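J.: Contents of start22.cif (mmCIF, C-alpha atoms and all ligand atoms) are given next:
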data_upload
loop_
_atom_site.label_atom_id
_atom_site.label_comp_id
_atom_site.auth_asym_id
_atom_site.auth_seq_id
_atom_site.Cartn_x
_atom_site.Cartn_y
_atom_site.Cartn_z
CA MET A 1 110.87 83.12 98.00
CA LYS A 2 107.30 82.67 96.68
CA ASN A 3 106.76 81.96 93.01
CA ILE A 4 103.82 83.78 91.45
CA THR A 5 101.98 82.76 88.31
CA LEU A 6 100.09 85.74 86.93
CA LEU A 7 97.18 85.04 84.58
CA GLY A 8 95.91 88.11 82.69
CA GLY A 9 99.22 89.92 83.13
CA THR A 10 98.61 92.57 80.44
CA GLY A 11 95.34 93.75 81.99
CA SER A 12 94.65 96.49 84.50
CA ILE A 13 94.90 94.12 87.48
CA GLY A 14 97.79 92.26 85.83
CA GLU A 15 99.91 95.34 85.37
CA GLN A 16 99.21 96.52 88.92
CA THR A 17 100.16 93.07 90.20
CA VAL A 18 103.54 93.45 88.49
CA GLU A 19 104.01 96.78 90.29
CA VAL A 20 103.17 95.14 93.62
CA ILE A 21 105.52 92.20 93.04
CA GLU A 22 108.36 94.62 92.26
CA GLN A 23 107.96 96.03 95.77
CA LEU A 24 107.87 92.67 97.57
CA PRO A 25 111.37 91.23 98.11
CA GLU A 26 110.13 87.73 99.06
CA TYR A 27 108.08 87.27 95.89
CA ARG A 28 109.10 86.63 92.29
CA LEU A 29 107.15 86.40 89.06
CA PHE A 30 107.60 82.81 87.93
CA ALA A 31 105.10 82.76 85.05
CA PHE A 32 103.17 85.36 83.07
CA ALA A 33 100.10 84.68 80.93
CA PHE A 34 98.46 87.14 78.57
CA GLY A 35 96.07 87.13 75.61
CA LYS A 36 96.89 89.13 72.49
CA ARG A 37 98.69 92.31 73.54
CA VAL A 38 102.26 91.27 72.72
CA ASP A 39 103.97 94.65 73.09
CA LYS A 40 102.37 95.28 76.47
CA ALA A 41 103.39 91.78 77.57
CA LEU A 42 106.92 92.32 76.33
CA GLY A 43 107.36 95.50 78.40
CA LEU A 44 106.18 93.70 81.54
CA VAL A 45 108.12 90.44 81.14
CA GLU A 46 111.32 92.35 80.38
CA ARG A 47 110.90 94.02 83.80
CA LEU A 48 110.50 90.83 85.85
CA LYS A 49 111.83 88.13 83.52
CA PRO A 50 109.45 85.24 84.32
CA GLU A 51 110.72 81.78 83.34
CA TRP A 52 107.47 80.83 81.64
CA ILE A 53 105.26 82.91 79.36
CA VAL A 54 101.86 81.78 78.12
CA ALA A 55 100.24 83.62 75.21
CA GLY A 56 96.57 83.53 74.21
CA ASP A 57 97.20 82.07 70.76
CA ARG A 58 99.93 80.76 68.45
CA GLN A 59 100.41 84.09 66.69
CA ALA A 60 101.02 85.96 69.97
CA LYS A 61 103.35 83.17 71.11
CA GLU A 62 105.48 83.34 67.98
CA GLU A 63 105.59 87.11 68.07
CA ILE A 64 106.73 87.37 71.68
CA GLU A 65 109.27 84.58 71.19
CA LYS A 66 110.92 86.60 68.44
CA LYS A 67 111.02 89.82 70.45
CA ILE A 68 112.01 88.66 73.93
CA SER A 69 115.62 89.41 75.00
CA TYR A 70 116.13 86.47 77.42
CA GLN A 71 115.56 82.68 77.50
CA ALA A 72 112.05 81.66 78.60
CA LYS A 73 109.68 78.81 77.99
CA VAL A 74 106.81 80.12 75.83
CA SER A 75 103.54 78.26 75.27
CA TYR A 76 100.00 79.21 74.31
CA GLY A 77 96.31 78.41 74.65
CA MET A 78 93.95 77.05 77.29
CA GLU A 79 95.90 73.85 77.94
CA ALA A 80 99.04 75.86 78.71
CA LEU A 81 97.05 78.23 80.91
CA CYS A 82 95.84 75.27 82.97
CA GLU A 83 99.30 73.72 83.03
CA VAL A 84 101.01 76.88 84.26
CA ALA A 85 98.32 77.45 86.92
CA SER A 86 98.85 73.99 88.37
CA ASN A 87 102.57 73.29 87.89
CA ASP A 88 104.78 72.33 90.84
CA GLN A 89 106.88 75.48 90.88
CA THR A 90 103.93 77.84 91.31
CA ASP A 91 103.11 78.85 94.91
CA ILE A 92 100.51 81.54 94.24
CA VAL A 93 98.24 81.98 91.23
CA VAL A 94 96.92 85.48 90.58
CA ASN A 95 93.83 85.06 88.43
CA ALA A 96 93.40 88.42 86.72
CA LEU A 97 91.85 86.99 83.56
CA LEU A 98 88.80 88.63 82.12
CA GLY A 99 85.71 86.51 81.72
CA SER A 100 84.58 82.92 82.16
CA ILE A 101 87.72 81.84 80.27
CA GLY A 102 89.23 81.77 83.79
CA LEU A 103 87.11 78.83 84.96
CA GLN A 104 89.28 75.88 83.92
CA PRO A 105 92.62 77.34 85.06
CA THR A 106 90.97 78.16 88.41
CA LEU A 107 89.77 74.59 88.85
CA ASP A 108 93.22 73.25 87.98
CA ALA A 109 94.95 75.66 90.38
CA ILE A 110 92.58 74.58 93.16
CA ARG A 111 93.16 70.88 92.45
CA SER A 112 96.90 71.53 92.75
CA ARG A 113 96.31 73.31 96.08
CA LYS A 114 97.70 76.68 95.03
CA GLN A 115 97.09 79.84 97.01
CA ILE A 116 94.84 81.87 94.72
CA ALA A 117 94.59 85.66 94.59
CA PHE A 118 91.31 86.00 92.79
CA ALA A 119 90.13 88.95 90.69
CA ASN A 120 88.31 87.07 87.92
CA LYS A 121 84.72 87.42 89.20
CA GLU A 122 83.08 86.06 86.01
CA THR A 123 84.45 82.61 86.85
CA LEU A 124 82.61 82.56 90.18
CA VAL A 125 79.45 83.90 88.59
CA THR A 126 79.45 81.30 85.84
CA ALA A 127 80.18 78.28 88.03
CA GLY A 128 80.43 79.28 91.69
CA HIS A 129 79.03 75.96 92.89
CA LEU A 130 81.76 73.98 91.07
CA VAL A 131 84.60 76.28 92.13
CA MET A 132 83.58 76.39 95.79
CA ALA A 133 83.00 72.63 95.97
CA GLU A 134 86.54 72.02 94.66
CA ALA A 135 87.98 74.70 96.97
CA LYS A 136 86.34 72.95 99.94
CA LYS A 137 87.47 69.51 98.79
CA TYR A 138 91.11 70.59 98.36
CA GLY A 139 91.20 72.97 101.35
CA VAL A 140 92.07 76.01 99.22
CA ASP A 141 91.15 79.59 100.17
CA LEU A 142 90.25 81.96 97.37
CA LEU A 143 91.71 85.27 98.50
CA PRO A 144 89.65 88.07 97.01
CA VAL A 145 91.31 90.87 95.05
CA ASP A 146 88.04 92.59 94.10
CA SER A 147 87.98 95.63 96.41
CA GLU A 148 84.55 94.95 97.96
CA HIS A 149 85.36 91.31 98.66
CA ALA A 150 88.81 92.14 100.02
CA ALA A 151 87.00 94.57 102.34
CA ILE A 152 84.49 91.93 103.50
CA HIS A 153 87.30 89.39 103.94
CA GLN A 154 89.05 91.83 106.28
CA CYS A 155 85.84 92.64 108.19
CA LEU A 156 85.27 88.92 108.75
CA ARG A 157 88.77 88.12 110.03
CA GLY A 158 88.47 86.40 113.39
CA GLU A 159 84.67 86.64 113.42
CA LYS A 160 82.19 83.78 113.79
CA ARG A 161 80.21 83.26 110.60
CA ASP A 162 76.98 82.43 112.45
CA GLN A 163 77.10 85.89 114.04
CA LEU A 164 76.93 87.67 110.70
CA ASN A 165 73.67 89.50 109.93
CA ARG A 166 74.37 90.80 106.43
CA LEU A 167 76.92 92.04 103.96
CA ILE A 168 76.64 95.64 102.75
CA VAL A 169 78.36 95.98 99.38
CA THR A 170 79.07 99.54 98.26
CA ALA A 171 78.62 100.76 94.67
CA SER A 172 80.01 103.97 93.20
CA GLY A 173 77.19 104.31 90.68
CA GLY A 174 79.59 104.23 87.75
CA SER A 175 79.89 106.69 84.86
CA PHE A 176 76.19 107.50 84.60
CA ARG A 177 75.35 107.56 88.30
CA ASP A 178 73.22 110.72 88.14
CA TYR A 179 71.55 110.06 84.77
CA SER A 180 67.84 109.27 84.54
CA ARG A 181 66.68 106.30 82.42
CA ASP A 182 65.70 108.77 79.68
CA GLU A 183 69.14 110.36 79.71
CA LEU A 184 70.78 106.96 79.15
CA VAL A 185 69.32 106.68 75.65
CA GLY A 186 71.98 108.62 73.78
CA VAL A 187 75.06 108.00 75.94
CA LYS A 188 78.41 107.57 74.22
CA LYS A 189 80.96 104.81 74.67
CA GLU A 190 83.68 107.36 75.51
CA ASP A 191 81.58 108.65 78.42
CA ALA A 192 80.68 105.15 79.61
CA LEU A 193 84.41 104.41 79.82
CA LYS A 194 85.05 107.26 82.26
CA HIS A 195 84.67 105.73 85.72
CA PRO A 196 84.49 108.41 88.42
CA ASN A 197 86.88 106.72 90.89
CA TRP A 198 88.77 103.80 89.36
CA ASP A 199 91.01 103.34 86.34
CA MET A 200 90.09 99.80 85.18
CA GLY A 201 89.81 97.61 82.10
CA ALA A 202 87.10 98.49 79.56
CA LYS A 203 84.72 95.62 80.32
CA ILE A 204 84.49 96.19 84.08
CA THR A 205 84.14 99.94 83.53
CA ILE A 206 81.07 99.32 81.36
CA ASP A 207 79.81 96.81 83.94
CA SER A 208 80.07 99.55 86.57
CA ALA A 209 78.05 101.90 84.37
CA THR A 210 75.25 99.33 83.87
CA MET A 211 75.51 98.25 87.56
CA MET A 212 76.10 94.70 86.34
CA ASN A 213 79.47 94.91 88.09
CA LYS A 214 77.63 95.13 91.41
CA GLY A 215 75.32 92.31 90.35
CA LEU A 216 78.30 90.11 89.54
CA GLU A 217 79.83 91.12 92.87
CA VAL A 218 76.69 90.11 94.78
CA ILE A 219 76.96 86.63 93.23
CA GLU A 220 80.73 86.61 93.87
CA ALA A 221 80.09 87.50 97.55
CA HIS A 222 77.42 84.80 97.83
CA TRP A 223 79.94 82.15 96.81
CA LEU A 224 83.08 83.48 98.48
CA PHE A 225 81.47 84.04 101.87
CA GLN A 226 78.65 81.48 101.61
CA VAL A 227 75.99 84.09 102.44
CA PRO A 228 72.41 83.81 101.10
CA TYR A 229 71.20 86.52 98.72
CA ASN A 230 68.66 87.92 101.18
CA LYS A 231 71.59 88.80 103.44
CA ILE A 232 73.53 90.73 100.80
CA ASP A 233 72.57 94.38 100.41
CA VAL A 234 73.96 96.93 97.98
CA ILE A 235 74.19 100.63 98.77
CA MET A 236 75.30 103.52 96.60
CA HIS A 237 78.39 105.26 97.98
CA LYS A 238 79.75 107.61 95.38
CA GLU A 239 83.19 108.25 96.89
CA SER A 240 84.38 104.57 96.90
CA VAL A 241 86.12 105.18 100.23
CA ILE A 242 84.24 102.52 102.18
CA HIS A 243 84.89 99.40 100.13
CA SER A 244 82.17 97.36 101.86
CA MET A 245 80.76 96.53 105.29
CA VAL A 246 79.56 93.65 107.44
CA GLU A 247 76.79 93.86 110.02
CA PHE A 248 76.88 91.38 112.93
CA ASN A 249 74.07 90.08 115.14
CA ASP A 250 74.78 92.67 117.85
CA LEU A 251 74.21 95.30 115.13
CA SER A 252 77.87 96.32 115.12
CA VAL A 253 78.96 97.22 111.61
CA MET A 254 82.54 96.72 110.47
CA ALA A 255 83.73 98.66 107.43
CA GLN A 256 86.99 98.63 105.51
CA LEU A 257 88.17 101.95 104.13
CA GLY A 258 91.08 102.94 101.95
CA THR A 259 92.38 104.96 99.04
CA PRO A 260 90.81 103.64 95.85
CA ASP A 261 93.96 101.86 94.64
CA MET A 262 93.69 98.22 93.54
CA ARG A 263 97.33 97.57 94.40
CA ILE A 264 96.29 97.57 98.08
CA PRO A 265 93.88 94.58 97.82
CA ILE A 266 96.28 92.87 95.39
CA GLN A 267 99.05 93.07 97.99
CA TYR A 268 96.62 91.96 100.72
CA ALA A 269 95.81 88.79 98.78
CA LEU A 270 99.47 88.06 97.98
CA THR A 271 100.76 88.53 101.52
CA TYR A 272 97.79 87.13 103.47
CA PRO A 273 97.74 86.30 106.40
CA ASN A 274 100.49 88.90 106.90
CA ARG A 275 100.33 92.58 106.17
CA THR A 276 103.33 94.33 104.67
CA ASP A 277 104.27 97.98 104.19
CA PHE A 278 102.72 99.64 101.16
CA SER A 279 104.59 102.52 99.58
CA LEU A 280 102.96 102.87 96.17
CA SER A 281 100.31 105.46 97.07
CA GLU A 282 99.31 107.94 99.74
CA GLY A 283 97.21 106.80 102.69
CA LEU A 284 93.56 107.76 102.96
CA ASP A 285 93.00 111.41 103.86
CA LEU A 286 89.38 111.66 104.99
CA LEU A 287 89.68 115.43 105.25
CA LYS A 288 89.94 115.56 101.46
CA PHE A 289 86.42 114.15 101.36
CA ARG A 290 84.89 115.66 104.49
CA GLU A 291 81.54 114.11 103.56
CA LEU A 292 80.68 110.56 102.54
CA HIS A 293 77.38 109.91 100.79
CA PHE A 294 75.02 106.95 100.80
CA ASN A 295 71.96 106.43 98.61
CA GLU A 296 69.46 103.75 97.80
CA LEU A 297 69.85 101.80 94.56
CA SER A 298 66.70 101.12 92.61
CA PHE A 299 66.12 98.02 90.47
CA GLU A 300 64.05 100.18 88.07
CA ARG A 301 66.98 102.48 87.39
CA PHE A 302 69.52 99.63 87.37
CA PRO A 303 67.79 96.51 85.91
CA CYS A 304 71.13 94.69 85.60
CA LEU A 305 71.32 94.58 89.38
CA ARG A 306 67.81 93.11 89.54
CA MET A 307 68.66 90.49 86.90
CA ALA A 308 71.80 89.48 88.79
CA TYR A 309 69.87 88.96 92.05
CA GLU A 310 67.20 87.01 90.16
CA ALA A 311 69.73 84.84 88.35
CA GLY A 312 71.70 84.27 91.54
CA LYS A 313 68.57 83.23 93.44
CA ALA A 314 67.40 81.00 90.55
CA GLY A 315 70.82 79.32 90.66
CA GLY A 316 71.85 76.42 88.43
CA SER A 317 72.75 77.62 84.95
CA ALA A 318 70.97 81.02 85.26
CA PRO A 319 74.10 82.94 86.39
CA THR A 320 76.06 81.26 83.58
CA VAL A 321 73.62 82.78 81.08
CA LEU A 322 73.67 86.14 82.86
CA ASN A 323 77.45 86.24 82.66
CA ALA A 324 77.86 84.99 79.09
CA ALA A 325 75.14 87.33 77.77
CA ASN A 326 76.73 90.22 79.61
CA GLU A 327 80.23 89.46 78.31
CA VAL A 328 78.98 89.33 74.73
CA ALA A 329 76.69 92.36 75.04
CA VAL A 330 79.43 94.52 76.57
CA GLN A 331 81.82 93.52 73.78
CA LEU A 332 79.16 94.41 71.17
CA PHE A 333 78.77 97.81 72.83
CA LEU A 334 82.55 98.31 72.86
CA ASP A 335 82.60 97.37 69.17
CA ASP A 336 79.92 100.01 68.44
CA GLN A 337 77.40 97.36 67.33
CA ILE A 338 74.74 98.14 69.94
CA ILE A 339 73.79 101.13 72.09
CA PHE A 340 74.20 101.26 75.86
CA LEU A 341 70.62 100.32 76.76
CA GLU A 342 70.72 97.28 74.48
CA ILE A 343 73.21 95.65 76.84
CA GLU A 344 70.52 95.08 79.46
CA GLN A 345 67.95 94.10 76.81
CA LEU A 346 70.16 91.34 75.40
CA ILE A 347 70.79 89.94 78.86
CA GLU A 348 67.10 90.01 79.79
CA GLU A 349 66.17 88.19 76.55
CA ALA A 350 68.86 85.56 77.05
CA LEU A 351 67.65 84.86 80.59
CA GLN A 352 64.01 84.69 79.53
CA LYS A 353 64.75 82.17 76.77
CA HIS A 354 66.86 79.91 78.97
CA GLN A 355 65.54 76.77 80.63
CA VAL A 356 67.52 76.59 83.88
CA ILE A 357 69.58 73.45 84.46
CA GLU A 358 69.92 72.62 88.14
CA GLN A 359 73.37 71.69 89.48
CA PRO A 360 75.05 71.83 86.04
CA ASP A 361 78.37 70.02 85.72
CA LEU A 362 81.40 71.53 84.00
CA GLU A 363 80.40 70.21 80.60
CA SER A 364 76.91 71.75 80.89
CA ILE A 365 78.32 75.06 82.11
CA LEU A 366 80.69 75.28 79.15
CA ALA A 367 77.89 74.32 76.74
CA VAL A 368 75.44 76.89 78.18
CA ASP A 369 78.14 79.56 78.09
CA GLN A 370 78.95 78.87 74.42
CA ASP A 371 75.31 78.51 73.40
CA THR A 372 74.36 81.85 75.00
CA ARG A 373 77.20 83.62 73.20
CA LYS A 374 76.38 82.02 69.84
CA ARG A 375 72.67 82.85 70.02
CA ILE A 376 73.36 86.52 70.64
CA LEU A 377 76.22 86.80 68.16
CA SER A 378 74.26 85.09 65.37
CA VAL A 379 72.17 88.25 65.09
CA TYR A 380 75.18 90.56 64.78
CA SER A 381 77.67 88.75 62.56
N1 LIG B 401 90.55 96.45 86.75
C1 LIG B 401 90.16 96.52 88.01
O1 LIG B 401 90.49 97.49 88.71
C2 LIG B 401 89.35 95.41 88.61
C3 LIG B 401 89.13 94.24 87.92
N2 LIG B 401 88.44 93.21 88.52
C4 LIG B 401 88.24 91.97 87.78
O2 LIG B 401 89.51 91.47 87.37
C5 LIG B 401 89.41 90.80 86.11
C6 LIG B 401 90.37 91.47 85.11
O3 LIG B 401 89.96 92.80 84.92
P1 LIG B 401 90.85 93.87 84.15
O4 LIG B 401 92.27 93.74 84.60
O5 LIG B 401 90.17 95.17 84.31
O6 LIG B 401 90.69 93.38 82.65
P2 LIG B 401 91.57 93.75 81.37
O7 LIG B 401 90.68 93.71 80.20
O8 LIG B 401 92.34 94.98 81.63
O9 LIG B 401 92.59 92.51 81.29
C7 LIG B 401 92.17 91.21 80.98
C8 LIG B 401 93.37 90.28 80.89
O10 LIG B 401 92.93 88.98 80.50
C9 LIG B 401 93.69 88.57 79.34
N3 LIG B 401 92.91 87.66 78.53
C10 LIG B 401 91.69 87.88 77.99
N4 LIG B 401 91.30 86.81 77.26
C11 LIG B 401 92.33 85.91 77.32
C12 LIG B 401 92.55 84.63 76.77
N5 LIG B 401 91.67 84.05 75.97
N6 LIG B 401 93.71 83.99 77.07
C13 LIG B 401 94.62 84.56 77.87
N7 LIG B 401 94.47 85.79 78.41
C14 LIG B 401 93.34 86.45 78.14
C15 LIG B 401 94.01 89.86 78.63
O11 LIG B 401 95.07 89.68 77.70
P3 LIG B 401 95.32 90.68 76.44
O12 LIG B 401 94.87 92.02 76.89
O13 LIG B 401 96.78 90.55 76.22
O14 LIG B 401 94.53 90.16 75.28
C16 LIG B 401 94.38 90.72 79.83
O15 LIG B 401 95.67 90.40 80.27
C17 LIG B 401 87.94 90.92 85.70
O16 LIG B 401 87.26 89.78 86.11
C18 LIG B 401 87.45 92.12 86.49
O17 LIG B 401 86.06 92.10 86.73
C19 LIG B 401 87.98 93.29 89.80
C20 LIG B 401 88.15 94.45 90.51
C21 LIG B 401 88.84 95.61 89.98
C1 LIG B 402 87.85 98.44 92.05
C2 LIG B 402 86.76 97.46 92.06
O1 LIG B 402 86.71 96.57 92.87
C3 LIG B 402 85.69 97.62 91.07
O2 LIG B 402 84.89 96.46 91.00
C4 LIG B 402 84.91 98.79 91.54
O3 LIG B 402 84.22 98.39 92.66
C5 LIG B 402 84.00 99.32 90.51
O4 LIG B 402 83.21 100.24 91.10
P1 LIG B 402 81.62 100.23 91.06
O5 LIG B 402 81.13 98.99 90.38
O6 LIG B 402 81.22 100.34 92.47
O7 LIG B 402 81.36 101.45 90.22
MN MN B 403 84.79 95.61 92.79
#
Starting from the file, give its structure as structure tokens.

T.:
Amino acid sequence: MKNITLLGGTGSIGEQTVEVIEQLPEYRLFAFAFGKRVDKALGLVERLKPEWIVAGDRQAKEEIEKKISYQAKVSYGMEALCEVASNDQTDIVVNALLGSIGLQPTLDAIRSRKQIAFANKETLVTAGHLVMAEAKKYGVDLLPVDSEHAAIHQCLRGEKRDQLNRLIVTASGGSFRDYSRDELVGVKKEDALKHPNWDMGAKITIDSATMMNKGLEVIEAHWLFQVPYNKIDVIMHKESVIHSMVEFNDLSVMAQLGTPDMRIPIQYALTYPNRTDFSLSEGLDLLKFRELHFNELSFERFPCLRMAYEAGKAGGSAPTVLNAANEVAVQLFLDDQIIFLEIEQLIEEALQKHQVIEQPDLESILAVDQDTRKRILSVYS
């Protein structure tokens, strides 16, 4: 039996992870961490009865403690998140947290040599150099849950890394794929939240619409697969059937295809290196699509993608600023404090004002992250 600790259990990936675990007889949910959504957490923990529950704050802890129908250890806050991610009983940590808040629990899970199923891309964007150095030191594999990275991971299985030409990451185009720059001016939040192919959390759905999601994924791919930015291409593929591709030196291209259902890559990461039957959705029926489309992505139309490449190539603390500014700007948009196009403006300004620190340590990363957020928020409070 494998004990799973699920961080971000009330989220879109978290809830789908619970559904996957319910179908896997050799796996049990040992611990469940969430933020503020107590009633959602309650419904999920009552299904799988984890021994340990970690809430985001004291209020959520006290509330869930009162409502829960069985005996469980309940704690709260960052220290508890790190403790649960690294404790002896955990075999696999699923990091489905949203945002750079996932950095410290990830480092602690790595240092305790846990298998990690990794969805929390912001952590790799904010401090990829620290995470990968620790992963190397402790011999831990980060098994990608993000669909593009799960695809690349599968395309690379058994291949020699020095025979890789480039990664080709696919992008759906998000909610406003066919809009011109002018048409983006008056877009509504409700429309931005309608992703054409995936049902996901609010933040990543907005990231898809700005194309920052693909930018974050380029940086995530750089770190996970140790590939330089000039060997990572992005291509628009509106159907999200091909999840990504790898080109090798003999010009063979490997692609991974599948129904757009995140439970498939979640199960892949949990069961790796095995594959197990999957019964939660229908297999891919290419005849339903008949045609697959591919288009160029322009940096003029999608400046967030340009900024992500630039920040990734600049390195040091630049991606930390990119990520923190994006997290704050998206939240301001979701809170109706800014319009859609101001998201990219706030990020651009934050990057321009920042003096890049080379090889920042954890303390510097955390300071840059907080400072970026504070500077932007000071204008809106
Ligand atoms: N959704 C998807 O299909 C995909 C998501 N990803 C990535 O996976 C990650 C999660 O995405 P998604 O599931 O959509 O996000 P959601 O917003 O749906 O969920 C985020 C989770 O993180 C928890 N959380 C947030 N802040 C804290 C905190 N301070 N302490 C403890 N828990 C916290 C939330 O708790 P609560 O809600 O209770 O406050 C929630 O459980 C992101 O990095 C995203 O980019 C990658 C590929 C696909
Ligand atoms: C399901 C998943 O992995 C998301 O990151 C998805 O890729 C979003 O789609 P786009 O960013 O391509 O619109
Ligand atoms: Mn993705």

J.: Show which residues sit within 12 Å of A:Ala96, as a VMD selection string. Count all atoms listed in the file, and ignore same-chain residues fewer than 2 positions away.

T.: chain A and resid 5 to 18 32 to 35 93 to 94 98 to 103 105 to 106 116 to 123 144 to 146 200 to 201 262 266

J.: Collect all residues with atoms no farther than 9 Å from ligand MN 403 (chain B), counting all atoms listed in the file, and output them as a JSON list (two decimals) with C-alpha atoms, in the coordinates of the input.

T.:
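Saved result, result-v2.json, follows:
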[["chain", "number", "residue", "atom", "x", "y", "z"],
["A", 119, "ALA", "CA", 90.13, 88.95, 90.69],
["A", 121, "LYS", "CA", 84.72, 87.42, 89.20],
["A", 145, "VAL", "CA", 91.31, 90.87, 95.05],
["A", 146, "ASP", "CA", 88.04, 92.59, 94.10],
["A", 147, "SER", "CA", 87.98, 95.63, 96.41],
["A", 148, "GLU", "CA", 84.55, 94.95, 97.96],
["A", 149, "HIS", "CA", 85.36, 91.31, 98.66],
["A", 150, "ALA", "CA", 88.81, 92.14, 100.02],
["A", 170, "THR", "CA", 79.07, 99.54, 98.26],
["A", 171, "ALA", "CA", 78.62, 100.76, 94.67],
["A", 204, "ILE", "CA", 84.49, 96.19, 84.08],
["A", 208, "SER", "CA", 80.07, 99.55, 86.57],
["A", 213, "ASN", "CA", 79.47, 94.91, 88.09],
["A", 214, "LYS", "CA", 77.63, 95.13, 91.41],
["A", 217, "GLU", "CA", 79.83, 91.12, 92.87],
["A", 243, "HIS", "CA", 84.89, 99.40, 100.13]]

J.: Mind checking which residues fall within 10 Å of A:Pro25, counting only C-alpha atoms, ignoring those fewer than 4 positions away in the same chain, and posting them as a PyMOL selection string?

T.: chain A and resi 1-2+21

J.: Using only C-alpha atoms and all ligand atoms, find the one residue out of A:Leu24, A:Leu305, A:Leu284, A:Ala60 that sits nearest to ligand LIG 401 (chain B).

T.: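 Comparing A:Leu24, A:Leu305, A:Leu284, A:Ala60 against ligand LIG 401 (chain B), the winner is A:Ala60.
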
J.: With only C-alpha atoms as the counted atoms, please give the residues lying no more than 7 Å from stretch 80-84 of chain A, apart from itself and same-chain residues fewer than 5 positions off, as a CSV table (one decimal) with C-alpha atoms, keeping the file's coordinate frame.

T.:
chain,number,residue,atom,x,y,z
A,54,VAL,CA,101.9,81.8,78.1
A,75,SER,CA,103.5,78.3,75.3
A,104,GLN,CA,89.3,75.9,83.9
A,105,PRO,CA,92.6,77.3,85.1
A,108,ASP,CA,93.2,73.2,88.0

J.: In terms of the shortest atom-to-atom distance over all atoms listed in the file, which of A:Val356, A:Ala72, A:Val185, A:Ile53 is closest to ligand LIG 401 (chain B)?

T.: A:Ile53

J.: By how many Å are atom CA of A:His354 and atom C12 of ligand LIG 401 (chain B) apart?

T.: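 Taking atom CA of A:His354 as the start and atom C12 of ligand LIG 401 (chain B) as the end point, the length is 26.2 Å.
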
J.: One decimal, in Å: what's the spacing between atom CA of A:Leu346 and atom CA of A:Val328?

T.: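 Computed distance, atom CA of A:Leu346 to atom CA of A:Val328, equals 9.1 Å.
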
J.: Using Å and a single decimal, report how far atom CA of A:Pro228 sits from atom CA of A:Gly316.

T.: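 If I compute the distance from atom CA of A:Gly316 to atom CA of A:Pro228, I get 14.7 Å.
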
J.: Up to 8 Å from (111.6, 81.0, 91.0) in the file's coordinates: name the residues, counting all atoms listed in the file, as a ChimeraX atom specification.

T.: /A:1-3,28-30,51,89

J.: Export, as a PDB file, in the coordinates of the input, the selected residues with C-alpha atoms.

T.:
ATOM      1  CA  MET A   1     110.870  83.120  98.000  1.00  0.00           C
ATOM      2  CA  LYS A   2     107.300  82.670  96.680  1.00  0.00           C
ATOM      3  CA  ASN A   3     106.760  81.960  93.010  1.00  0.00           C
ATOM      4  CA  ARG A  28     109.100  86.630  92.290  1.00  0.00           C
ATOM      5  CA  LEU A  29     107.150  86.400  89.060  1.00  0.00           C
ATOM      6  CA  PHE A  30     107.600  82.810  87.930  1.00  0.00           C
ATOM      7  CA  GLU A  51     110.720  81.780  83.340  1.00  0.00           C
ATOM      8  CA  GLN A  89     106.880  75.480  90.880  1.00  0.00           C
TER       9      GLN A  89
END

J.: Taking all atoms listed in the file into account, name the residue in A:Val187, A:Ile4, A:Ile339, A:Val20 that is nearest to A:Leu280.

T.: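 When distances to A:Leu280 are compared using all atoms listed in the file, the smallest one comes from A:Val20.
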
J.: Could you please give me, as a compact mmCIF listing (two decimals) with C-alpha atoms, keeping the file's coordinate frame, the residues of protein, DNA or RNA lying at most 10 Å from (74.4, 87.2, 68.4) in the coordinate frame of the file, considering all atoms listed in the file?

T.:
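Written out: part_15.txt:
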# COMPACT_ATOMS: atom_id res chain seq x y z
CA ALA A 325 75.14 87.33 77.77
CA VAL A 328 78.98 89.33 74.73
CA ALA A 329 76.69 92.36 75.04
CA LEU A 332 79.16 94.41 71.17
CA LEU A 346 70.16 91.34 75.40
CA THR A 372 74.36 81.85 75.00
CA ARG A 373 77.20 83.62 73.20
CA LYS A 374 76.38 82.02 69.84
CA ARG A 375 72.67 82.85 70.02
CA ILE A 376 73.36 86.52 70.64
CA LEU A 377 76.22 86.80 68.16
CA SER A 378 74.26 85.09 65.37
CA VAL A 379 72.17 88.25 65.09
CA TYR A 380 75.18 90.56 64.78
CA SER A 381 77.67 88.75 62.56

J.: Counting all atoms listed in the file, which of A:Tyr272, A:Leu224, A:Val218, A:Asp261 gets nearest to A:Asp199?

T.: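 The closest residue to A:Asp199 is A:Asp261.
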
J.: Taking only C-alpha atoms into account, which of A:Met245, A:Ile152, A:Ala31, A:Cys304 comes nearest A:Leu48?

T.: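 Smallest separation from A:Leu48 among the options: A:Ala31.
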
J.: Closest to ligand LIG 401 (chain B) among A:Lys61, A:His222, A:Lys203, A:Lys189, using all atoms listed in the file?

T.: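 Among A:Lys61, A:His222, A:Lys203, A:Lys189, it is A:Lys203 that comes nearest to ligand LIG 401 (chain B).
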
J.: Quick one: residues within 12 Å of A:Asp361, only C-alpha atoms counted, chain neighbours fewer than 5 positions away excluded, as a VMD selection string?

T.: chain A and resid 126 to 131 133 316 to 317 320 366 to 368
